[in-house]
file upload38.tsv (TSV, C-alpha atoms)
chain	number	residue	atom	x	y	z
A	1	MET	CA	-21.34	-3.54	19.52
A	2	ASP	CA	-20.99	-3.85	15.77
A	3	THR	CA	-23.50	-2.08	13.64
A	4	PHE	CA	-22.81	-4.44	10.74
A	5	ARG	CA	-25.79	-5.30	8.59
A	6	PRO	CA	-25.92	-7.38	5.45
A	7	ILE	CA	-25.71	-5.25	2.33
A	8	GLY	CA	-29.02	-6.35	0.94
A	9	SER	CA	-31.05	-5.55	4.05
A	10	ARG	CA	-29.64	-2.13	4.85
A	11	PRO	CA	-32.41	0.45	4.70
A	12	SER	CA	-30.08	3.41	4.53
A	13	TYR	CA	-27.51	4.53	1.94
A	14	GLY	CA	-29.91	7.30	1.08
A	15	GLU	CA	-33.55	6.84	0.37
A	16	GLU	CA	-32.76	6.19	-3.27
A	17	ARG	CA	-30.29	3.47	-2.54
A	18	PRO	CA	-31.32	0.29	-4.30
A	19	VAL	CA	-30.94	-3.08	-2.65
A	20	LEU	CA	-28.04	-5.09	-4.02
A	21	PRO	CA	-29.65	-7.77	-6.17
A	22	THR	CA	-28.26	-11.20	-6.83
A	23	LEU	CA	-25.54	-10.45	-9.32
A	24	PRO	CA	-25.10	-12.53	-12.45
A	25	THR	CA	-22.04	-14.76	-12.55
A	26	ASP	CA	-20.84	-13.18	-15.78
A	27	ALA	CA	-18.42	-10.37	-14.90
A	28	ASP	CA	-19.47	-8.02	-17.70
A	29	ARG	CA	-23.16	-8.18	-16.89
A	30	ALA	CA	-22.58	-7.99	-13.14
A	31	VAL	CA	-20.41	-4.91	-13.39
A	32	GLU	CA	-22.86	-3.21	-15.75
A	33	GLN	CA	-25.64	-3.90	-13.28
A	34	LEU	CA	-23.58	-2.49	-10.44
A	35	TYR	CA	-22.76	0.52	-12.59
A	36	ASP	CA	-26.42	1.27	-13.19
A	37	LEU	CA	-27.18	1.00	-9.50
A	38	TYR	CA	-24.27	2.76	-7.86
A	39	GLN	CA	-22.53	4.99	-10.36
A	40	ARG	CA	-24.38	8.14	-9.33
A	41	GLN	CA	-23.67	7.73	-5.61
A	42	MET	CA	-20.05	6.85	-6.25
A	43	VAL	CA	-19.54	9.85	-8.51
A	44	ARG	CA	-21.01	12.15	-5.87
A	45	VAL	CA	-18.60	10.79	-3.29
A	46	ALA	CA	-15.72	11.06	-5.73
A	47	VAL	CA	-16.61	14.65	-6.64
A	48	VAL	CA	-16.24	15.68	-2.99
A	49	LEU	CA	-13.02	13.68	-2.71
A	50	VAL	CA	-11.28	14.96	-5.84
A	51	ARG	CA	-13.21	18.25	-6.28
A	52	ASP	CA	-13.71	17.78	-9.98
A	53	THR	CA	-16.62	16.24	-11.85
A	54	ALA	CA	-14.76	14.90	-14.86
A	55	THR	CA	-11.99	13.43	-12.73
A	56	ALA	CA	-14.58	11.96	-10.37
A	57	GLU	CA	-16.23	10.14	-13.26
A	58	ASP	CA	-12.86	8.79	-14.37
A	59	VAL	CA	-12.07	7.69	-10.82
A	60	VAL	CA	-15.39	5.88	-10.52
A	61	GLN	CA	-15.00	4.21	-13.88
A	62	ASP	CA	-11.52	3.04	-12.91
A	63	ALA	CA	-13.03	1.59	-9.75
A	64	PHE	CA	-15.65	-0.34	-11.73
A	65	ILE	CA	-12.96	-1.61	-14.08
A	66	ALA	CA	-10.99	-2.73	-11.03
A	67	VAL	CA	-14.04	-4.68	-9.84
A	68	HIS	CA	-14.37	-6.22	-13.30
A	69	ARG	CA	-10.73	-7.33	-13.34
A	70	ALA	CA	-10.97	-8.74	-9.83
A	71	TRP	CA	-14.29	-10.45	-10.44
A	72	ASP	CA	-12.85	-13.98	-10.39
A	73	ARG	CA	-10.99	-13.24	-7.16
A	74	ILE	CA	-14.08	-11.93	-5.34
A	75	HIS	CA	-15.41	-15.21	-4.00
A	76	ASP	CA	-18.10	-13.67	-1.80
A	77	LYS	CA	-20.18	-11.71	-4.29
A	78	ASP	CA	-22.00	-9.98	-1.43
A	79	ALA	CA	-18.71	-8.24	-0.71
A	80	THR	CA	-18.63	-6.70	-4.18
A	81	LEU	CA	-20.04	-3.41	-2.99
A	82	ALA	CA	-17.42	-3.17	-0.24
A	83	TYR	CA	-14.77	-3.85	-2.88
A	84	LEU	CA	-16.25	-1.07	-5.01
A	85	HIS	CA	-16.15	1.41	-2.10
A	86	ARG	CA	-12.54	0.53	-1.44
A	87	SER	CA	-11.69	0.88	-5.12
A	88	VAL	CA	-13.26	4.34	-5.32
A	89	ILE	CA	-11.40	5.50	-2.23
A	90	ASN	CA	-8.10	4.10	-3.48
A	91	ALA	CA	-8.53	5.54	-6.97
A	92	ALA	CA	-9.36	8.96	-5.51
A	93	ARG	CA	-6.37	8.79	-3.18
A	94	SER	CA	-3.96	7.91	-5.96
A	95	HIS	CA	-5.37	10.68	-8.13
A	96	LEU	CA	-4.91	13.22	-5.30
A	97	ARG	CA	-1.39	11.94	-4.74
A	98	ARG	CA	-0.53	12.41	-8.40
A	99	ARG	CA	-2.05	15.86	-8.42
A	100	SER	CA	-0.18	16.94	-5.29
A	101	VAL	CA	3.08	15.89	-6.96
A	102	VAL	CA	2.18	17.97	-10.03
A	103	VAL	CA	1.35	21.01	-7.88
A	104	ARG	CA	4.52	20.61	-5.83
A	105	LEU	CA	6.64	20.34	-8.95
A	106	ALA	CA	4.96	23.42	-10.39
A	107	ILE	CA	5.78	25.37	-7.23
A	108	PHE	CA	9.32	24.00	-7.29
A	109	ARG	CA	9.75	25.20	-10.86
A	110	GLN	CA	8.24	28.54	-9.84
A	111	GLU	CA	5.70	28.42	-12.60
A	112	GLU	CA	3.39	31.36	-12.40
A	113	HIS	CA	0.29	29.43	-13.34
A	114	LEU	CA	-0.70	25.81	-12.98
A	115	SER	CA	-2.46	23.81	-15.65
A	116	ALA	CA	-5.98	24.75	-16.63
A	117	GLU	CA	-7.20	21.56	-15.00
A	118	ASP	CA	-5.72	22.50	-11.63
A	119	THR	CA	-7.10	26.02	-11.61
A	120	VAL	CA	-10.61	25.01	-12.65
A	121	MET	CA	-10.83	22.36	-9.93
A	122	LYS	CA	-11.67	24.79	-7.15
A	123	ASP	CA	-14.98	25.66	-8.78
A	124	GLN	CA	-16.28	22.14	-9.28
A	125	LEU	CA	-18.02	21.59	-5.93
A	126	PRO	CA	-21.78	21.98	-6.04
A	127	GLY	CA	-22.54	23.79	-2.76
A	128	PRO	CA	-21.38	24.96	0.70
A	129	LEU	CA	-21.73	21.55	2.37
A	130	ALA	CA	-19.72	19.79	-0.31
A	131	THR	CA	-17.13	22.56	-0.06
A	132	ALA	CA	-16.99	22.23	3.73
A	133	ILE	CA	-16.56	18.44	3.52
A	134	ALA	CA	-13.91	18.82	0.84
A	135	ALA	CA	-12.02	21.23	3.11
A	136	LEU	CA	-11.68	18.61	5.87
A	137	PRO	CA	-8.44	16.66	6.28
A	138	ARG	CA	-8.37	13.63	4.00
A	139	ARG	CA	-9.18	10.90	6.53
A	140	GLU	CA	-11.94	12.92	8.17
A	141	ARG	CA	-13.39	13.71	4.74
A	142	GLU	CA	-13.41	10.05	3.73
A	143	ALA	CA	-14.83	8.90	7.05
A	144	VAL	CA	-17.64	11.48	7.01
A	145	LEU	CA	-18.59	10.68	3.41
A	146	LEU	CA	-18.70	6.93	3.88
A	147	ARG	CA	-20.18	6.95	7.35
A	148	TYR	CA	-22.80	9.66	6.95
A	149	TYR	CA	-23.37	10.19	3.23
A	150	LEU	CA	-23.27	6.55	2.13
A	151	ASP	CA	-24.48	5.58	5.60
A	152	LEU	CA	-22.14	2.65	5.83
A	153	PRO	CA	-21.78	0.88	9.17
A	154	GLU	CA	-18.59	1.57	11.07
A	155	LYS	CA	-17.20	-1.84	10.21
A	156	GLU	CA	-17.63	-1.40	6.46
A	157	THR	CA	-16.28	2.15	6.66
A	158	ALA	CA	-13.23	0.85	8.49
A	159	GLU	CA	-12.68	-1.86	5.88
A	160	ALA	CA	-13.07	0.56	2.99
A	161	LEU	CA	-10.64	3.06	4.50
A	162	GLY	CA	-8.19	0.48	5.82
A	163	LEU	CA	-8.57	1.80	9.36
A	164	GLY	CA	-9.58	0.42	12.74
A	165	LEU	CA	-13.04	0.91	14.21
A	166	GLY	CA	-11.75	3.35	16.82
A	167	SER	CA	-10.06	5.45	14.17
A	168	VAL	CA	-13.24	5.60	12.10
A	169	LYS	CA	-15.20	6.77	15.14
A	170	ALA	CA	-12.61	9.38	15.97
A	171	TYR	CA	-12.21	10.71	12.44
A	172	SER	CA	-15.93	10.82	11.69
A	173	SER	CA	-16.86	12.56	14.95
A	174	ARG	CA	-13.99	15.02	14.59
A	175	GLY	CA	-14.98	15.74	11.00
A	176	LEU	CA	-18.59	16.12	11.96
A	177	ALA	CA	-17.72	18.60	14.70
A	178	LYS	CA	-15.74	20.69	12.23
A	179	LEU	CA	-18.57	20.54	9.72
A	180	ARG	CA	-21.06	21.75	12.32
A	181	ILE	CA	-18.87	24.74	13.04
A	182	ALA	CA	-18.31	25.42	9.35
A	183	MET	CA	-21.98	25.09	8.45
A	184	GLY	CA	-23.03	27.15	11.48
A	185	THR	CA	-20.70	29.90	10.40
A	186	ALA	CA	-21.94	29.66	6.82
A	187	ASN	CA	-25.59	29.76	7.95
A	188	GLY	CA	-24.89	32.72	10.21
A	189	ARG	CA	-23.24	34.54	7.35
A	190	GLU	CA	-26.19	33.80	5.07
A	191	GLY	CA	-28.59	35.04	7.79
A	192	LYS	CA	-26.71	38.34	8.14
A	193	GLU	CA	-26.71	38.86	4.40
B	1	MET	CA	-29.51	9.56	18.79
B	2	ASN	CA	-27.66	12.61	20.02
B	3	ASP	CA	-27.48	16.01	18.38
B	4	SER	CA	-24.25	15.26	16.57
B	5	GLU	CA	-25.55	12.03	15.06
B	6	HIS	CA	-28.71	13.78	14.02
B	7	PHE	CA	-26.63	16.36	12.23
B	8	GLY	CA	-24.71	13.53	10.57
B	9	ARG	CA	-27.90	11.93	9.34
B	10	SER	CA	-29.08	15.23	7.91
B	11	LEU	CA	-25.90	15.54	5.87
B	12	ARG	CA	-27.08	13.05	3.29
B	13	GLY	CA	-30.23	14.92	2.37
B	14	ARG	CA	-28.46	18.25	2.27
B	15	LEU	CA	-25.66	16.94	0.11
B	16	ASP	CA	-28.15	15.28	-2.25
B	17	ASP	CA	-29.93	18.64	-2.54
B	18	GLU	CA	-26.64	20.26	-3.51
B	19	PHE	CA	-26.10	17.60	-6.13
B	20	GLY	CA	-29.65	18.09	-7.39
B	21	ASP	CA	-28.83	19.32	-10.89
B	22	PHE	CA	-25.83	17.08	-11.13
B	23	GLU	CA	-25.48	15.58	-14.61
B	24	LEU	CA	-23.34	12.64	-15.56
B	25	THR	CA	-21.49	12.51	-18.83
B	26	LEU	CA	-23.47	10.79	-21.55
B	27	GLY	CA	-21.87	7.70	-22.96
B	28	SER	CA	-19.94	6.81	-19.84
B	29	ARG	CA	-21.66	3.44	-19.78
B	30	GLU	CA	-20.56	2.76	-23.35
B	31	GLN	CA	-17.07	3.77	-22.40
B	32	LEU	CA	-17.15	1.36	-19.49
B	33	ARG	CA	-18.29	-1.44	-21.78
B	34	ARG	CA	-15.48	-0.68	-24.23
B	35	ARG	CA	-12.92	-0.72	-21.44
B	36	MET	CA	-14.25	-4.02	-20.14
B	37	ASP	CA	-13.96	-5.52	-23.61
B	38	GLN	CA	-10.32	-4.55	-23.92
B	39	PRO	CA	-7.96	-7.47	-23.46
B	40	ARG	CA	-6.29	-7.48	-20.12
B	41	ARG	CA	-2.77	-6.22	-20.00
B	42	SER	CA	-1.74	-8.68	-17.36
B	43	ARG	CA	-0.45	-11.15	-19.99
B	44	TRP	CA	1.85	-8.51	-21.40
B	45	VAL	CA	3.03	-7.66	-17.94
B	46	VAL	CA	3.86	-11.31	-17.39
B	47	ILE	CA	5.74	-11.52	-20.67
B	48	ALA	CA	7.61	-8.25	-20.21
B	49	VAL	CA	8.57	-8.56	-16.54
B	50	VAL	CA	8.37	-12.13	-15.35
B	51	VAL	CA	9.98	-13.89	-18.33
B	52	PRO	CA	13.25	-11.87	-18.35
B	53	ALA	CA	13.53	-12.18	-14.59
B	54	ALA	CA	12.98	-15.93	-14.76
B	55	ALA	CA	15.51	-16.29	-17.60
B	56	ALA	CA	18.12	-14.32	-15.64
B	57	THR	CA	17.54	-16.53	-12.60
B	58	VAL	CA	17.95	-19.72	-14.62
B	59	ILE	CA	21.16	-18.47	-16.25
B	60	GLY	CA	22.56	-17.45	-12.87
B	61	LEU	CA	21.76	-20.83	-11.35
B	62	ILE	CA	23.44	-22.62	-14.24
B	63	ALA	CA	26.53	-20.42	-13.94
B	64	LEU	CA	26.75	-21.25	-10.24
B	65	ALA	CA	26.03	-24.94	-10.71
B	66	VAL	CA	28.71	-25.64	-13.38
B	67	PRO	CA	31.81	-25.28	-11.12
B	68	THR	CA	30.04	-27.09	-8.31
B	69	PHE	CA	29.37	-30.21	-10.35
B	70	SER	CA	32.56	-30.21	-12.42
B	71	ASN	CA	34.77	-31.10	-9.35
B	72	LYS	CA	37.27	-28.39	-10.16
B	73	ASP	CA	37.88	-26.60	-6.96
B	74	THR	CA	39.96	-23.63	-7.96
B	75	THR	CA	39.70	-21.79	-4.70
B	76	ARG	CA	41.76	-24.21	-2.53
B	77	ALA	CA	45.55	-23.93	-2.31
B	78	PRO	CA	47.68	-27.02	-3.16
B	79	ALA	CA	48.17	-29.24	-0.15
B	80	SER	CA	51.87	-30.12	-0.82
B	81	ILE	CA	54.80	-29.12	-2.95
B	82	PRO	CA	54.33	-30.22	-6.52
B	83	SER	CA	56.25	-33.44	-7.27
B	84	SER	CA	58.14	-31.91	-10.18
B	85	THR	CA	60.12	-29.49	-7.96
B	86	VAL	CA	63.37	-30.75	-6.41
B	87	ALA	CA	63.95	-30.00	-2.76
B	88	THR	CA	67.31	-28.25	-2.21
B	89	PRO	CA	69.00	-28.25	1.19
B	90	LEU	CA	68.90	-25.06	3.12
B	91	PRO	CA	72.21	-23.20	3.54
B	92	THR	CA	71.78	-22.67	7.25
B	93	LYS	CA	72.90	-25.09	9.92
B	94	PRO	CA	70.32	-27.25	11.53
B	95	THR	CA	69.14	-26.07	14.86
B	96	GLU	CA	70.84	-27.58	17.83
B	97	LYS	CA	69.17	-29.16	20.69
B	98	VAL	CA	68.76	-26.95	23.71
B	99	GLY	CA	68.78	-28.45	27.14
B	100	ARG	CA	65.48	-28.55	28.83
B	101	PRO	CA	65.14	-26.95	32.24
B	102	LYS	CA	65.45	-29.32	35.08
B	103	VAL	CA	62.46	-29.96	37.19
B	104	ASN	CA	63.05	-30.56	40.84
B	105	VAL	CA	60.51	-33.01	41.96
B	106	PRO	CA	60.48	-33.52	45.68
B	107	ASP	CA	60.73	-37.06	46.88
B	108	ARG	CA	57.74	-36.72	49.04
B	109	ILE	CA	54.88	-34.45	48.07
B	110	GLY	CA	53.14	-32.82	50.95
B	111	GLY	CA	49.58	-31.64	51.10
B	112	THR	CA	50.27	-28.03	50.21
B	113	GLU	CA	53.63	-28.19	48.46
B	114	THR	CA	53.98	-27.76	44.75
B	115	PRO	CA	56.98	-28.80	42.67
B	116	ASP	CA	59.41	-25.99	41.88
B	117	ILE	CA	60.81	-25.44	38.43
B	118	VAL	CA	64.34	-24.15	38.47
B	119	ASN	CA	65.73	-22.74	35.28
B	120	THR	CA	69.38	-23.60	35.17
B	121	PRO	CA	71.31	-21.78	32.46
B	122	VAL	CA	72.92	-24.06	29.91
B	123	PRO	CA	75.90	-22.78	27.94
B	124	THR	CA	75.30	-22.71	24.25
B	125	ASP	CA	77.49	-22.14	21.21
B	126	SER	CA	78.08	-18.69	19.90
B	127	VAL	CA	76.39	-19.56	16.63
B	128	PRO	CA	73.12	-17.71	16.51
B	129	LEU	CA	70.09	-19.84	16.21
B	130	ARG	CA	67.51	-19.15	13.62
B	131	ARG	CA	64.01	-19.02	14.60
B	132	ARG	CA	61.45	-20.44	12.42

call {"tool": "encode", "arguments": {"input": "upload38.tsv", "output": "structure tokens"}}
result
Amino acid sequence: MDTFRPIGSRPSYGEERPVLPTLPTDADRAVEQLYDLYQRQMVRVAVVLVRDTATAEDVVQDAFIAVHRAWDRIHDKDATLAYLHRSVINAARSHLRRRSVVVRLAIFRQEEHLSAEDTVMKDQLPGPLATAIAALPRREREAVLLRYYLDLPEKETAEALGLGLGSVKAYSSRGLAKLRIAMGTANGREGKE
Amino acid sequence: MNDSEHFGRSLRGRLDDEFGDFELTLGSREQLRRRMDQPRRSRWVVIAVVVPAAAATVIGLIALAVPTFSNKDTTRAPASIPSSTVATPLPTKPTEKVGRPKVNVPDRIGGTETPDIVNTPVPTDSVPLRRR
């Protein structure tokens, strides 16, 4: 059974999640309104995905710009938020891809130290849970964030990640199981200390 | 809701707590507005990529179409000897007629009999024959 609910009537997405209002037809005003409503949540997701606050803000802004450019092509304006989720995920993926190429090239050239940006990145996550989620494999990380942090239904998560429903279920439950172990270990360590 | 799902639901609150003192860069909204006001680059992409490709296609089509419509088929070999050349007789003798083998056809053909072909040697001249 699908757990799909219309965007406007979903009670979840965090207690602070605002209900998607009727967006103005003007692209500039609509995107600004979306930005005010969802920027914070999107940046939090992006921080865990790319492990860097400044990069996360860039990624999210790129995603909003992508929505702005595609505004005329988005016929169903209720699907704007889904488009935004997909844009954030895609922007984060392409950033990670670029960064992995840079790191690989640096290793290939046997450089002793990477760029300042690459070395600082490891310290940008705010706490143990964010660190544990960031340590998951990419698909599990994305599935857990969208499914449990943004509280998206499985169908919307699948659309945002470009996966099937079964894959979303598998990745999110696998990621969750790993997180439980990681957080249990972390809690145990804190208790001993 | 099972234990695992309950843990999943609790993730949101815990992650929000971790992001509690999370500050966004000031002026990011202004930056967004500036980026939205920038003219789209898609027109330049069209001019830089699509126009040369289209021009090359048109030129190629014209180059292919010219020989097709000009009725000059340069690829086919001439069908006969040009009329300006004079045919000279060949120095070799013309080939002589060779006797055909005789076929013995029985007067009366039975149900299972087939006609036999008997090759009878025919004497020929000592002049070698040229094969074409």

call {"tool": "interface_residues", "arguments": {"input": "upload38.tsv", "of": "chain B", "to": "chain A", "cutoff": "6 Å", "atoms": "all atoms listed in the file", "output": "ChimeraX atom specification"}}
result
/B:8,12,18

call {"tool": "atom_distance", "arguments": {"input": "upload38.tsv", "atom1": "atom CA of Ser10 of chain B", "atom2": "atom CA of Val168 of chain A"}}
result
19.0 Å

call {"tool": "atom_distance", "arguments": {"input": "upload38.tsv", "atom1": "atom CA of Glu142 of chain A", "atom2": "atom CA of Tyr171 of chain A"}}
result
8.8 Å

call {"tool": "atom_distance", "arguments": {"input": "upload38.tsv", "atom1": "atom CA of Val102 of chain A", "atom2": "atom CA of Val59 of chain A"}}
result
17.6 Å

call {"tool": "residues_near_point", "arguments": {"input": "upload38.tsv", "point": "(-13.5, 8.0, 3.0)", "cutoff": "8 Å", "atoms": "only C-alpha atoms", "output": "list in words"}}
result
Ile89, Arg138, Arg139, Glu140, Arg141, Glu142, Ala143, Val144, Leu145, Leu146, Thr157, Ala160 and Leu161 of chain A
